[in-house]
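Engineer: My file is protein_29.txt. It has compact mmCIF, C-alpha atoms and all ligand atoms:
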# COMPACT_ATOMS: atom_id res chain seq x y z
CA MET A 11 18.09 -61.59 29.16
CA SER A 12 20.60 -59.04 27.91
CA LEU A 13 23.52 -60.22 25.82
CA LEU A 14 25.90 -59.14 28.57
CA ALA A 15 24.00 -61.10 31.23
CA ARG A 16 24.11 -64.10 28.93
CA ALA A 17 27.90 -63.83 28.72
CA ALA A 18 28.10 -63.76 32.52
CA ASP A 19 25.82 -66.82 32.74
CA LEU A 20 27.82 -68.73 30.15
CA ASP A 21 31.06 -67.88 31.97
CA ALA A 22 29.61 -68.99 35.29
CA ALA A 23 28.55 -72.31 33.78
CA ASP A 24 31.80 -72.86 31.86
CA PRO A 25 33.67 -75.94 33.17
CA LEU A 26 36.84 -74.77 31.39
CA ALA A 27 36.75 -71.21 32.77
CA ALA A 28 39.69 -71.71 35.13
CA PHE A 29 42.09 -72.58 32.29
CA ARG A 30 42.05 -68.93 31.27
CA ASP A 31 44.10 -68.00 34.35
CA ARG A 32 46.94 -70.24 33.19
CA PHE A 33 47.78 -67.90 30.32
CA LEU A 34 50.22 -65.01 30.64
CA PRO A 35 48.43 -61.72 31.13
CA ALA A 36 48.42 -59.22 28.25
CA PRO A 37 47.56 -56.00 30.09
CA SER A 38 46.92 -53.88 26.99
CA VAL A 39 44.61 -56.46 25.40
CA VAL A 40 40.92 -56.17 26.25
CA SER A 41 39.66 -58.87 23.93
CA TYR A 42 41.83 -61.35 22.03
CA LEU A 43 39.84 -62.83 19.16
CA ASP A 44 42.69 -64.19 17.08
CA GLY A 45 43.43 -67.55 18.69
CA ASN A 46 43.05 -69.15 15.27
CA SER A 47 46.09 -67.25 14.03
CA LEU A 48 48.43 -67.17 17.03
CA GLY A 49 47.54 -68.80 20.34
CA ARG A 50 48.49 -67.21 23.66
CA PRO A 51 51.41 -68.41 25.77
CA LEU A 52 50.88 -70.26 29.03
CA GLU A 53 52.52 -69.18 32.26
CA ALA A 54 53.94 -72.73 32.31
CA THR A 55 55.51 -72.18 28.90
CA ALA A 56 57.52 -69.22 30.17
CA ARG A 57 58.76 -71.33 33.09
CA LEU A 58 59.58 -74.33 30.89
CA MET A 59 61.46 -72.18 28.39
CA ASP A 60 63.48 -70.47 31.10
CA ASP A 61 64.29 -73.76 32.77
CA PHE A 62 65.15 -75.40 29.47
CA VAL A 63 67.61 -72.65 28.52
CA ARG A 64 69.22 -72.54 31.97
CA SER A 65 69.46 -76.20 32.92
CA ARG A 66 68.83 -78.45 29.95
CA TRP A 67 70.65 -76.49 27.27
CA GLY A 68 72.82 -74.27 29.47
CA GLY A 69 73.66 -76.96 31.99
CA ARG A 70 73.89 -80.10 29.89
CA LEU A 71 75.10 -78.53 26.64
CA ILE A 72 75.67 -81.11 23.93
CA GLN A 73 74.90 -83.96 26.30
CA GLY A 74 71.28 -82.90 25.92
CA TRP A 75 71.11 -84.75 22.62
CA THR A 76 71.57 -87.99 24.51
CA ASP A 77 69.00 -86.93 27.13
CA GLY A 78 66.19 -87.72 24.73
CA TRP A 79 65.95 -84.67 22.48
CA LEU A 80 66.36 -86.86 19.40
CA GLU A 81 63.18 -88.69 20.34
CA TRP A 82 61.07 -85.55 20.79
CA PRO A 83 59.81 -85.41 17.19
CA LEU A 84 58.34 -88.87 17.70
CA THR A 85 57.32 -88.77 21.36
CA LEU A 86 55.65 -85.37 21.00
CA GLY A 87 54.09 -86.60 17.77
CA ASP A 88 52.60 -89.62 19.55
CA ARG A 89 51.31 -87.45 22.37
CA LEU A 90 49.75 -84.99 19.94
CA GLY A 91 48.25 -87.92 18.07
CA ALA A 92 46.66 -89.22 21.26
CA VAL A 93 45.46 -85.89 22.65
CA ALA A 94 44.26 -84.09 19.52
CA LEU A 95 44.43 -86.17 16.34
CA GLY A 96 42.93 -89.58 17.03
CA ALA A 97 46.15 -91.18 15.79
CA ALA A 98 47.68 -94.34 17.26
CA PRO A 99 51.43 -94.14 18.03
CA GLY A 100 54.06 -94.26 15.33
CA GLN A 101 52.22 -92.19 12.73
CA THR A 102 52.83 -88.56 13.73
CA VAL A 103 56.02 -86.46 13.81
CA VAL A 104 56.70 -82.91 14.91
CA ALA A 105 59.06 -81.14 12.50
CA ASP A 106 59.68 -78.33 10.03
CA SER A 107 56.84 -75.98 9.09
CA THR A 108 53.44 -76.86 7.67
CA THR A 109 54.61 -75.66 4.26
CA VAL A 110 57.68 -77.90 4.21
CA LEU A 111 55.76 -80.93 5.50
CA LEU A 112 53.05 -80.32 2.90
CA TYR A 113 55.73 -80.49 0.25
CA LYS A 114 57.36 -83.61 1.64
CA LEU A 115 54.11 -85.53 2.02
CA ALA A 116 52.43 -84.39 -1.18
CA ARG A 117 55.54 -85.23 -3.23
CA ALA A 118 55.72 -88.63 -1.58
CA ALA A 119 52.02 -89.20 -2.29
CA VAL A 120 52.04 -88.35 -5.98
CA ASP A 121 55.17 -90.46 -6.50
CA ALA A 122 53.38 -93.37 -4.85
CA ARG A 123 50.66 -93.24 -7.53
CA PRO A 124 52.78 -93.42 -10.68
CA GLY A 125 50.85 -93.01 -13.91
CA ARG A 126 48.12 -90.92 -12.30
CA ARG A 127 48.40 -87.34 -13.51
CA LYS A 128 45.87 -85.32 -11.50
CA VAL A 129 45.77 -83.67 -8.10
CA VAL A 130 42.48 -82.24 -6.83
CA LEU A 131 42.39 -79.18 -4.56
CA ASP A 132 40.14 -76.17 -3.95
CA THR A 133 40.56 -72.53 -4.85
CA ASP A 134 39.81 -71.40 -1.31
CA ASN A 135 42.53 -73.40 0.39
CA PHE A 136 45.28 -71.58 2.28
CA PRO A 137 47.78 -69.97 -0.13
CA THR A 138 50.72 -72.11 0.92
CA ASP A 139 48.79 -75.32 0.15
CA ARG A 140 47.98 -74.05 -3.33
CA TYR A 141 51.49 -72.78 -4.02
CA VAL A 142 53.19 -75.97 -2.85
CA LEU A 143 50.97 -78.10 -5.07
CA GLU A 144 51.54 -75.78 -8.03
CA GLY A 145 55.26 -76.34 -7.53
CA ILE A 146 54.90 -80.11 -7.31
CA ALA A 147 52.65 -80.18 -10.37
CA ALA A 148 55.33 -78.32 -12.34
CA GLU A 149 58.08 -80.61 -11.03
CA ARG A 150 56.19 -83.81 -11.76
CA ASN A 151 54.27 -82.73 -14.84
CA LEU A 152 50.87 -83.19 -13.16
CA SER A 153 47.70 -81.22 -13.70
CA LEU A 154 45.85 -79.52 -10.89
CA VAL A 155 42.08 -79.87 -10.83
CA TRP A 156 40.57 -76.92 -8.98
CA ILE A 157 37.25 -77.06 -7.17
CA SER A 158 35.67 -73.64 -6.59
CA THR A 159 34.14 -73.52 -3.16
CA ASP A 160 31.30 -71.38 -1.95
CA PRO A 161 32.30 -70.16 1.53
CA ALA A 162 28.80 -70.83 2.79
CA THR A 163 28.98 -74.50 1.85
CA GLY A 164 32.72 -75.24 1.72
CA ILE A 165 34.12 -78.33 0.07
CA THR A 166 31.60 -81.15 -0.35
CA GLY A 167 31.66 -84.76 -1.45
CA ASP A 168 29.40 -83.96 -4.42
CA GLN A 169 31.93 -81.49 -5.74
CA LEU A 170 34.72 -84.02 -5.45
CA ARG A 171 32.64 -86.71 -7.17
CA GLU A 172 32.27 -84.47 -10.22
CA VAL A 173 35.99 -84.17 -10.83
CA ILE A 174 37.71 -87.24 -9.41
CA ASP A 175 38.59 -90.21 -11.61
CA ASP A 176 41.09 -93.04 -11.90
CA ASP A 177 43.74 -90.59 -13.07
CA THR A 178 43.68 -88.78 -9.70
CA ALA A 179 46.73 -89.36 -7.51
CA LEU A 180 45.92 -87.14 -4.55
CA VAL A 181 43.23 -84.88 -3.10
CA LEU A 182 44.15 -82.13 -0.64
CA PHE A 183 41.72 -80.05 1.41
CA SER A 184 41.61 -78.21 4.73
CA HIS A 185 39.60 -79.72 7.57
CA VAL A 186 38.43 -76.23 8.58
CA ALA A 187 38.55 -73.62 5.79
CA TYR A 188 40.74 -70.77 7.01
CA ARG A 189 38.50 -68.16 5.48
CA SER A 190 34.92 -69.20 6.12
CA GLY A 191 35.38 -71.66 8.99
CA TRP A 192 33.60 -74.46 7.05
CA LEU A 193 34.22 -77.86 8.62
CA ALA A 194 34.68 -80.51 5.96
CA ASP A 195 33.24 -84.02 6.22
CA ILE A 196 36.55 -85.87 6.22
CA PRO A 197 35.26 -89.48 6.34
CA GLY A 198 32.70 -88.86 3.57
CA ILE A 199 35.20 -87.15 1.29
CA ASN A 200 37.84 -89.80 1.98
CA ARG A 201 35.45 -92.57 0.93
CA ILE A 202 34.92 -90.91 -2.44
CA ALA A 203 38.66 -90.40 -2.94
CA HIS A 204 39.50 -93.95 -1.96
CA GLU A 205 36.87 -95.43 -4.29
CA ALA A 206 38.78 -93.73 -7.10
CA GLY A 207 42.09 -95.07 -5.78
CA ALA A 208 43.44 -91.64 -4.80
CA LEU A 209 45.33 -90.78 -1.63
CA THR A 210 43.86 -88.20 0.75
CA MET A 211 45.71 -85.42 2.51
CA TRP A 212 44.23 -83.01 5.02
CA ASP A 213 45.50 -79.69 6.33
CA LEU A 214 44.56 -79.51 10.01
CA CYS A 215 46.00 -76.06 10.81
CA HIS A 216 42.62 -74.56 11.61
CA SER A 217 41.17 -77.53 13.47
CA ALA A 218 43.96 -79.07 15.57
CA GLY A 219 43.33 -78.21 19.20
CA ALA A 220 39.83 -76.86 18.58
CA VAL A 221 37.89 -79.62 16.79
CA PRO A 222 38.13 -83.33 17.63
CA ILE A 223 39.96 -85.24 14.91
CA ARG A 224 39.93 -89.02 14.31
CA LEU A 225 42.58 -89.58 11.68
CA ASP A 226 42.81 -93.36 12.09
CA GLU A 227 39.06 -93.88 12.20
CA TRP A 228 38.34 -91.52 9.28
CA GLY A 229 40.76 -93.29 6.95
CA VAL A 230 43.03 -90.30 6.43
CA ASP A 231 46.20 -91.18 4.52
CA LEU A 232 48.27 -88.06 5.16
CA ALA A 233 47.81 -84.91 7.19
CA VAL A 234 49.74 -81.82 8.24
CA GLY A 235 49.07 -78.97 10.64
CA CYS A 236 50.73 -76.27 12.68
CA SER A 237 51.12 -75.95 16.43
CA TYR A 238 51.02 -72.17 16.87
CA LYS A 239 47.27 -71.60 16.40
CA TYR A 240 44.89 -73.39 18.78
CA LEU A 241 47.84 -75.41 20.10
CA ASN A 242 49.57 -72.28 21.50
CA GLY A 243 53.08 -73.34 20.44
CA GLY A 244 54.34 -69.80 19.78
CA PRO A 245 55.35 -67.89 16.64
CA GLY A 246 57.04 -70.21 14.16
CA ALA A 247 56.52 -73.31 16.33
CA PRO A 248 57.13 -76.53 14.38
CA ALA A 249 54.42 -78.30 12.46
CA PHE A 250 53.27 -81.92 12.54
CA ALA A 251 52.73 -84.59 9.93
CA TYR A 252 50.68 -87.77 10.02
CA LEU A 253 51.37 -90.70 7.73
CA ARG A 254 49.12 -93.73 8.09
CA SER A 255 51.22 -96.72 9.18
CA SER A 256 50.09 -98.92 6.28
CA LEU A 257 51.63 -96.40 3.86
CA GLN A 258 54.94 -95.89 5.59
CA ASP A 259 56.80 -98.55 3.60
CA SER A 260 55.58 -97.33 0.23
CA LEU A 261 55.89 -93.54 0.53
CA ARG A 262 59.25 -91.79 0.28
CA GLN A 263 59.56 -88.11 1.06
CA PRO A 264 62.02 -86.19 -1.10
CA ILE A 265 64.19 -84.31 1.42
CA GLN A 266 66.65 -87.02 2.37
CA GLY A 267 68.54 -85.67 5.34
CA TRP A 268 70.62 -87.32 7.97
CA MET A 269 67.88 -87.22 10.62
CA GLY A 270 65.67 -89.42 8.48
CA HIS A 271 68.48 -91.90 7.94
CA ARG A 272 68.35 -95.41 9.35
CA ALA A 273 71.53 -94.74 11.36
CA ALA A 274 72.08 -90.98 11.52
CA PHE A 275 75.20 -91.11 13.65
CA GLU A 276 77.06 -93.66 11.56
CA MET A 277 77.33 -90.83 9.03
CA GLY A 278 77.91 -93.39 6.33
CA PRO A 279 77.76 -93.17 2.56
CA GLY A 280 74.41 -93.29 0.81
CA TYR A 281 70.93 -92.54 2.15
CA GLU A 282 68.91 -95.33 3.67
CA ALA A 283 65.54 -94.27 5.06
CA ALA A 284 64.79 -95.02 8.71
CA PRO A 285 61.93 -97.46 9.22
CA GLY A 286 58.55 -95.99 10.13
CA ILE A 287 57.58 -92.39 10.70
CA ARG A 288 61.15 -91.22 11.43
CA ALA A 289 61.79 -91.25 7.69
CA LEU A 290 59.72 -88.05 7.47
CA LEU A 291 62.45 -86.14 9.31
CA SER A 292 65.17 -84.34 7.41
CA GLY A 293 67.44 -82.13 9.53
CA THR A 294 68.08 -81.37 13.20
CA PRO A 295 64.78 -81.10 15.05
CA PRO A 296 63.81 -77.62 16.37
CA ILE A 297 64.14 -78.66 20.00
CA LEU A 298 63.91 -75.18 21.53
CA ALA A 299 60.72 -74.47 19.61
CA MET A 300 59.19 -77.75 20.79
CA VAL A 301 59.51 -76.91 24.48
CA PRO A 302 56.12 -75.12 24.74
CA MET A 303 54.36 -78.11 23.25
CA HIS A 304 54.93 -80.10 26.44
CA ALA A 305 52.90 -77.62 28.48
CA ASN A 306 50.25 -77.20 25.81
CA LEU A 307 49.61 -80.91 25.32
CA ASP A 308 49.43 -81.44 29.09
CA MET A 309 46.79 -78.73 29.27
CA LEU A 310 44.79 -80.06 26.32
CA ALA A 311 44.89 -83.59 27.75
CA GLU A 312 43.60 -82.26 31.07
CA ALA A 313 40.82 -80.19 29.48
CA GLY A 314 39.85 -82.84 26.91
CA ILE A 315 39.29 -82.03 23.24
CA GLU A 316 35.57 -82.85 23.46
CA ALA A 317 35.06 -80.26 26.21
CA VAL A 318 37.11 -77.78 24.20
CA ARG A 319 34.84 -78.34 21.19
CA THR A 320 31.71 -77.93 23.29
CA LYS A 321 32.92 -74.57 24.56
CA SER A 322 34.14 -73.55 21.11
CA LEU A 323 30.65 -74.09 19.65
CA LEU A 324 29.08 -72.09 22.49
CA LEU A 325 31.57 -69.27 21.87
CA THR A 326 30.96 -69.13 18.13
CA ALA A 327 27.17 -69.40 18.63
CA TYR A 328 27.45 -66.42 20.96
CA VAL A 329 29.49 -64.52 18.36
CA LEU A 330 26.75 -65.28 15.81
CA ASP A 331 24.07 -63.95 18.17
CA LEU A 332 26.02 -60.75 18.76
CA ALA A 333 26.62 -60.37 15.03
CA ASP A 334 22.92 -60.87 14.24
CA GLU A 335 21.74 -58.46 16.90
CA TRP A 336 24.34 -55.72 16.58
CA LEU A 337 26.14 -55.96 13.26
CA ALA A 338 23.63 -57.27 10.72
CA PRO A 339 21.57 -54.05 10.96
CA LEU A 340 24.78 -52.17 10.13
CA GLY A 341 25.34 -54.13 6.93
CA VAL A 342 27.75 -56.76 8.24
CA GLU A 343 27.28 -60.20 6.74
CA VAL A 344 28.07 -63.54 8.46
CA VAL A 345 29.99 -65.77 6.05
CA SER A 346 30.51 -68.82 8.28
CA PRO A 347 28.20 -71.85 8.52
CA ARG A 348 25.45 -71.56 11.12
CA ASP A 349 25.09 -75.31 11.34
CA PRO A 350 27.27 -76.34 14.31
CA ALA A 351 28.05 -79.65 12.61
CA ARG A 352 29.74 -77.76 9.78
CA ARG A 353 31.29 -74.88 11.75
CA GLY A 354 34.94 -74.83 12.79
CA GLY A 355 36.35 -72.68 15.57
CA HIS A 356 35.96 -69.20 14.11
CA VAL A 357 33.33 -66.93 12.59
CA THR A 358 34.00 -64.75 9.58
CA LEU A 359 32.22 -61.45 9.10
CA ARG A 360 32.19 -59.48 5.88
CA ARG A 361 31.75 -55.81 5.16
CA PRO A 362 33.59 -53.43 2.83
CA GLY A 363 35.80 -51.08 4.78
CA PHE A 364 36.78 -53.43 7.63
CA GLU A 365 40.38 -52.59 6.80
CA LYS A 366 39.91 -49.06 8.15
CA LEU A 367 38.73 -50.42 11.50
CA LEU A 368 41.83 -52.45 12.25
CA GLU A 369 43.87 -49.59 13.62
CA PRO A 370 41.13 -48.26 15.94
CA LEU A 371 40.30 -51.83 17.07
CA TRP A 372 43.92 -52.51 18.00
CA SER A 373 44.17 -49.14 19.78
CA ALA A 374 41.15 -50.15 21.84
CA GLY A 375 42.84 -53.46 22.73
CA VAL A 376 40.53 -55.55 20.56
CA ILE A 377 42.33 -58.00 18.29
CA PRO A 378 40.37 -59.89 15.66
CA ASP A 379 41.93 -61.12 12.43
CA TYR A 380 41.59 -59.20 9.18
CA ARG A 381 41.57 -61.02 5.85
CA ARG A 382 41.66 -59.12 2.59
CA PRO A 383 39.61 -57.72 1.08
CA ASP A 384 36.67 -57.36 3.45
CA GLY A 385 36.74 -60.23 5.98
CA LEU A 386 37.09 -60.03 9.73
CA ARG A 387 37.61 -63.35 11.51
CA ILE A 388 36.56 -63.77 15.12
CA GLY A 389 38.55 -66.70 16.53
CA PRO A 390 37.95 -67.15 20.26
CA ALA A 391 40.33 -69.86 21.51
CA PRO A 392 38.23 -71.93 23.95
CA LEU A 393 40.86 -72.35 26.67
CA SER A 394 41.95 -68.70 26.82
CA THR A 395 38.77 -66.76 26.01
CA SER A 396 35.75 -65.93 28.15
CA PHE A 397 32.28 -65.07 26.89
CA THR A 398 32.51 -61.68 28.58
CA GLU A 399 35.73 -61.01 26.69
CA VAL A 400 33.91 -61.81 23.43
CA HIS A 401 31.14 -59.42 24.42
CA GLN A 402 33.63 -56.64 25.16
CA GLY A 403 35.43 -57.05 21.85
CA MET A 404 32.28 -57.29 19.76
CA ALA A 405 30.82 -54.20 21.50
CA VAL A 406 33.88 -52.16 20.48
CA LEU A 407 33.56 -53.50 16.94
CA ARG A 408 29.86 -52.54 16.85
CA ASP A 409 30.61 -48.99 18.00
CA LEU A 410 33.34 -48.58 15.40
CA VAL A 411 31.19 -49.93 12.55
CA GLU A 412 28.45 -47.51 13.64
CA LYS A 413 30.88 -44.59 13.69
CA HIS A 414 32.23 -45.43 10.25
CA GLN A 415 28.82 -45.86 8.58
C1 LIG B 1 48.23 -71.24 9.25
C2 LIG B 1 48.09 -72.15 8.11
C3 LIG B 1 49.20 -72.62 7.39
C4 LIG B 1 50.57 -72.12 7.75
O1 LIG B 1 51.64 -72.75 7.15
P1 LIG B 1 53.10 -72.38 7.69
O2 LIG B 1 54.02 -73.20 6.91
O3 LIG B 1 53.12 -72.63 9.16
O4 LIG B 1 53.31 -70.91 7.46
C5 LIG B 1 49.00 -73.55 6.40
N1 LIG B 1 47.74 -73.99 6.09
C6 LIG B 1 46.65 -73.53 6.74
C7 LIG B 1 45.29 -74.05 6.40
C8 LIG B 1 46.78 -72.60 7.76
O5 LIG B 1 45.70 -72.14 8.40
Will you turn the file into structure tokens for me?
Ligand SMILES: *Cc1c(COP(=O)(O)O)cnc(C)c1O
Structural biologist:
Amino acid sequence: MSLLARAADLDAADPLAAFRDRFLPAPSVVSYLDGNSLGRPLEATARLMDDFVRSRWGGRLIQGWTDGWLEWPLTLGDRLGAVALGAAPGQTVVADSTTVLLYKLARAAVDARPGRRKVVLDTDNFPTDRYVLEGIAAERNLSLVWISTDPATGITGDQLREVIDDDTALVLFSHVAYRSGWLADIPGINRIAHEAGALTMWDLCHSAGAVPIRLDEWGVDLAVGCSYKYLNGGPGAPAFAYLRSSLQDSLRQPIQGWMGHRAAFEMGPGYEAAPGIRALLSGTPPILAMVPMHANLDMLAEAGIEAVRTKSLLLTAYVLDLADEWLAPLGVEVVSPRDPARRGGHVTLRRPGFEKLLEPLWSAGVIPDYRRPDGLRIGPAPLSTSFTEVHQGMAVLRDLVEKHQ
């Protein structure tokens, strides 16, 4: 069977195919392969935003704050926890950006392990994760222990075992490595960290909404992630943080603002942290930017994260087949894991000179994600991408690589 006929077959058999029609059309885009960087907006999001501005904000004005907006960080957090994170209520908030929440949680974590002087992380983690921890290490006089990861194998328990000890306060890794797409074994790595008495923190930016997550079951202590990638929240949409309930009394985040206060509207002297997860909040919640999340979580609940993962693995397997058949002979290398158990939601290809192809790809309406110096990430979001669309995009890429040999 030809690769194109296979795409048609896979589309015909796809139980999630109809979700694609719920997204706003992008007439100049032939193939959108960057769902792992910025998800597409739903038709429903445009309606919700318009309605929110006109009636909820425009019509109710400041009364809106008593219509429940103040609860959104917690109610949306609980919903996200149920739909995508495997988190029981009361442990997830929606707030800030991933970077700011990383800082708040990591600072709280290292302060909760006084006397321990080490934080373990990996050299391939997303820049903001590394920078934030460098800042905290300088502030708290800690030393960072760096694990060098091979993109083909990602972070493993064996690597952690070699460096962790009873001086380690915290370990921080990404669930899915943003570069290679490696899917880390969270429960296995957590066990090793916990045996050494360290806290565990996971960055879920590249897995939330694409890969099933079981934070409670896997013994995760802290986690952060963003809502604008597979969760389609829109550019700059707020992030989320998870803090295991058993740790909520002992961890204190450093940005003491009025929204994390026990009684924000008493506006009294002195900070007293709110009980529970609300203490992670600092300032006024980004209500407007949370509006899309309602539509996106409804959709994800309806589709089911397990079905999303099943389609995601079929999509990336299809990308791998196209890459092997068309691109490998042209010198393109697949960097991502082939083992579906260790593969996240995207596939990374490597070849010197990819940078020069970006402009012609975009002109042809094909949008993958370029990562310096020579990586091209193919991130087909399961709910908005068809197999035929992947075929179209990869065919344009093949022709361009051929032309630029
Ligand atoms: C996208 C991404 C971020 C982004 O952080 P922001 O504060 O939203 O800019 C952080 N970590 C990882 C792993 C990411 O993929």
Engineer: Could the residues that lie within 9 Å of ligand LIG 1 (chain B), counting all atoms listed in the file, be listed as a PyMOL selection string?
Structural biologist: chain A and resi 46-48+106-112+135-139+183-189+213-217+234-239+246-249
Engineer: I need the residues from that last selection saved to file as a short mmCIF file (atom, residue, chain, number, x, y, z; two decimals), in the coordinates of the input (with C-alpha atoms), if you can.
Structural biologist:
data_model
loop_
_atom_site.label_atom_id
_atom_site.label_comp_id
_atom_site.auth_asym_id
_atom_site.auth_seq_id
_atom_site.Cartn_x
_atom_site.Cartn_y
_atom_site.Cartn_z
CA ASN A 46 43.05 -69.15 15.27
CA SER A 47 46.09 -67.25 14.03
CA LEU A 48 48.43 -67.17 17.03
CA ASP A 106 59.68 -78.33 10.03
CA SER A 107 56.84 -75.98 9.09
CA THR A 108 53.44 -76.86 7.67
CA THR A 109 54.61 -75.66 4.26
CA VAL A 110 57.68 -77.90 4.21
CA LEU A 111 55.76 -80.93 5.50
CA LEU A 112 53.05 -80.32 2.90
CA ASN A 135 42.53 -73.40 0.39
CA PHE A 136 45.28 -71.58 2.28
CA PRO A 137 47.78 -69.97 -0.13
CA THR A 138 50.72 -72.11 0.92
CA ASP A 139 48.79 -75.32 0.15
CA PHE A 183 41.72 -80.05 1.41
CA SER A 184 41.61 -78.21 4.73
CA HIS A 185 39.60 -79.72 7.57
CA VAL A 186 38.43 -76.23 8.58
CA ALA A 187 38.55 -73.62 5.79
CA TYR A 188 40.74 -70.77 7.01
CA ARG A 189 38.50 -68.16 5.48
CA ASP A 213 45.50 -79.69 6.33
CA LEU A 214 44.56 -79.51 10.01
CA CYS A 215 46.00 -76.06 10.81
CA HIS A 216 42.62 -74.56 11.61
CA SER A 217 41.17 -77.53 13.47
CA VAL A 234 49.74 -81.82 8.24
CA GLY A 235 49.07 -78.97 10.64
CA CYS A 236 50.73 -76.27 12.68
CA SER A 237 51.12 -75.95 16.43
CA TYR A 238 51.02 -72.17 16.87
CA LYS A 239 47.27 -71.60 16.40
CA GLY A 246 57.04 -70.21 14.16
CA ALA A 247 56.52 -73.31 16.33
CA PRO A 248 57.13 -76.53 14.38
CA ALA A 249 54.42 -78.30 12.46
#
Engineer: Tell me which protein, DNA and RNA residues are within 12 Å of Ala338 (chain A), counting all atoms listed in the file, leaving out same-chain ones fewer than 3 positions away, and put them as a ChimeraX atom specification.
Structural biologist: /A:330-335,341-345,359-361,408,411-412
Engineer: Using all atoms listed in the file, which residues sit within 8 Å of Pro197 (chain A) once same-chain residues fewer than 2 positions away are excluded, as a list of chain:residue names?
Structural biologist: A:Asp195, A:Ile199, A:Asn200, A:Arg201, A:Trp228, A:Gly229, A:Val230
Engineer: Could you give me, as CSV, every region 163-277 of chain A residue with an atom at most 10 Å from region 349-352 of chain A, plus its closest atom pair and distance in Å to one decimal, counting only C-alpha atoms, rows ordered by chain then number?
Structural biologist:
residue,atom,partner,partner_atom,distance
A:Thr163,CA,A:Arg352,CA,8.6
A:Gly164,CA,A:Arg352,CA,9.0
A:Val186,CA,A:Arg352,CA,8.9
A:Gly191,CA,A:Arg352,CA,8.3
A:Trp192,CA,A:Arg352,CA,5.8
A:Leu193,CA,A:Arg352,CA,4.6
A:Ala194,CA,A:Arg352,CA,6.8
A:Asp195,CA,A:Arg352,CA,8.0
Engineer: If we count only C-alpha atoms and set the cut-off at 9 Å, which residues sit around Ile174 (chain A), ignoring sequence neighbours fewer than 6 positions away in its own chain? Please answer as a list in words.
Structural biologist: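 The neighbour list is Lys128, Val129, Val130, Val155, Val181, Ile202, Ala203, Ala206 and Ala208 of chain A.
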Engineer: Restricting the calculation to only C-alpha atoms: of A:Arg254, A:Arg70, A:Arg32, A:His271, which residue gets closest to Thr210 (chain A)?
Structural biologist: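 Looking only at the distances to Thr210 (chain A), the closest residue turns out to be A:Arg254.
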Engineer: What is the distance, in Å and to one decimal place, between CA of Pro302 (chain A) and CA of Gly68 (chain A)?
Structural biologist: 17.4 Å
Engineer: Which residue out of A:Pro25, A:Pro370, A:Gly145, A:Gly78 has the minimum interatomic distance to Ala116 (chain A) when only C-alpha atoms are used?
Structural biologist: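 Closest to Ala116 (chain A), using only C-alpha atoms: A:Gly145.
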Engineer: How far is it from CA of His401 (chain A) to CA of Val329 (chain A), in Å with one decimal?
Structural biologist: 8.1 Å
Engineer: Interatomic distance between CA of Ala391 (chain A) and CA of Thr326 (chain A)?
Structural biologist: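 Taking CA of Ala391 (chain A) as the start and CA of Thr326 (chain A) as the end point, the length is 10.0 Å.
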Engineer: So that I can see what lies close to region 309-320 of chain A, please list as a list in words the residues with an atom at most 9 Å from it, counting only C-alpha atoms and leaving out residues fewer than 2 positions away in the same chain.
Structural biologist: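 My reading of the contact set: Pro25, Leu26, Phe29, Ala92, Val93, Ala94, Gly219, Ala220, Val221, Pro222, Ile223, Leu241, His304, Ala305, Asn306, Leu307, Ser322, Leu323, Leu324, Leu325, Gly355, Ala391, Pro392 and Leu393 of chain A.
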Engineer: Compare A:Leu337, A:Leu115, A:Val173, A:Ala179 by their minimum atom-to-atom distance to Gln263 (chain A), counting all atoms listed in the file, and give me the closest one.
Structural biologist: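 The closest residue to Gln263 (chain A) is A:Leu115.
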Engineer: Of the residues A:Ser346, A:Ser396, A:Ser41, A:Thr85, which is the one nearest to Arg288 (chain A), using all atoms listed in the file?
Structural biologist: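 Of all the options, A:Thr85 lies closest to Arg288 (chain A).
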Engineer: So, with only C-alpha atoms as the atoms that count, which of A:Ala299, A:Ile196, A:Ala147, A:Leu368 lies closest to Leu407 (chain A)?
Structural biologist: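 For Leu407 (chain A), the nearest of the candidates is A:Leu368.
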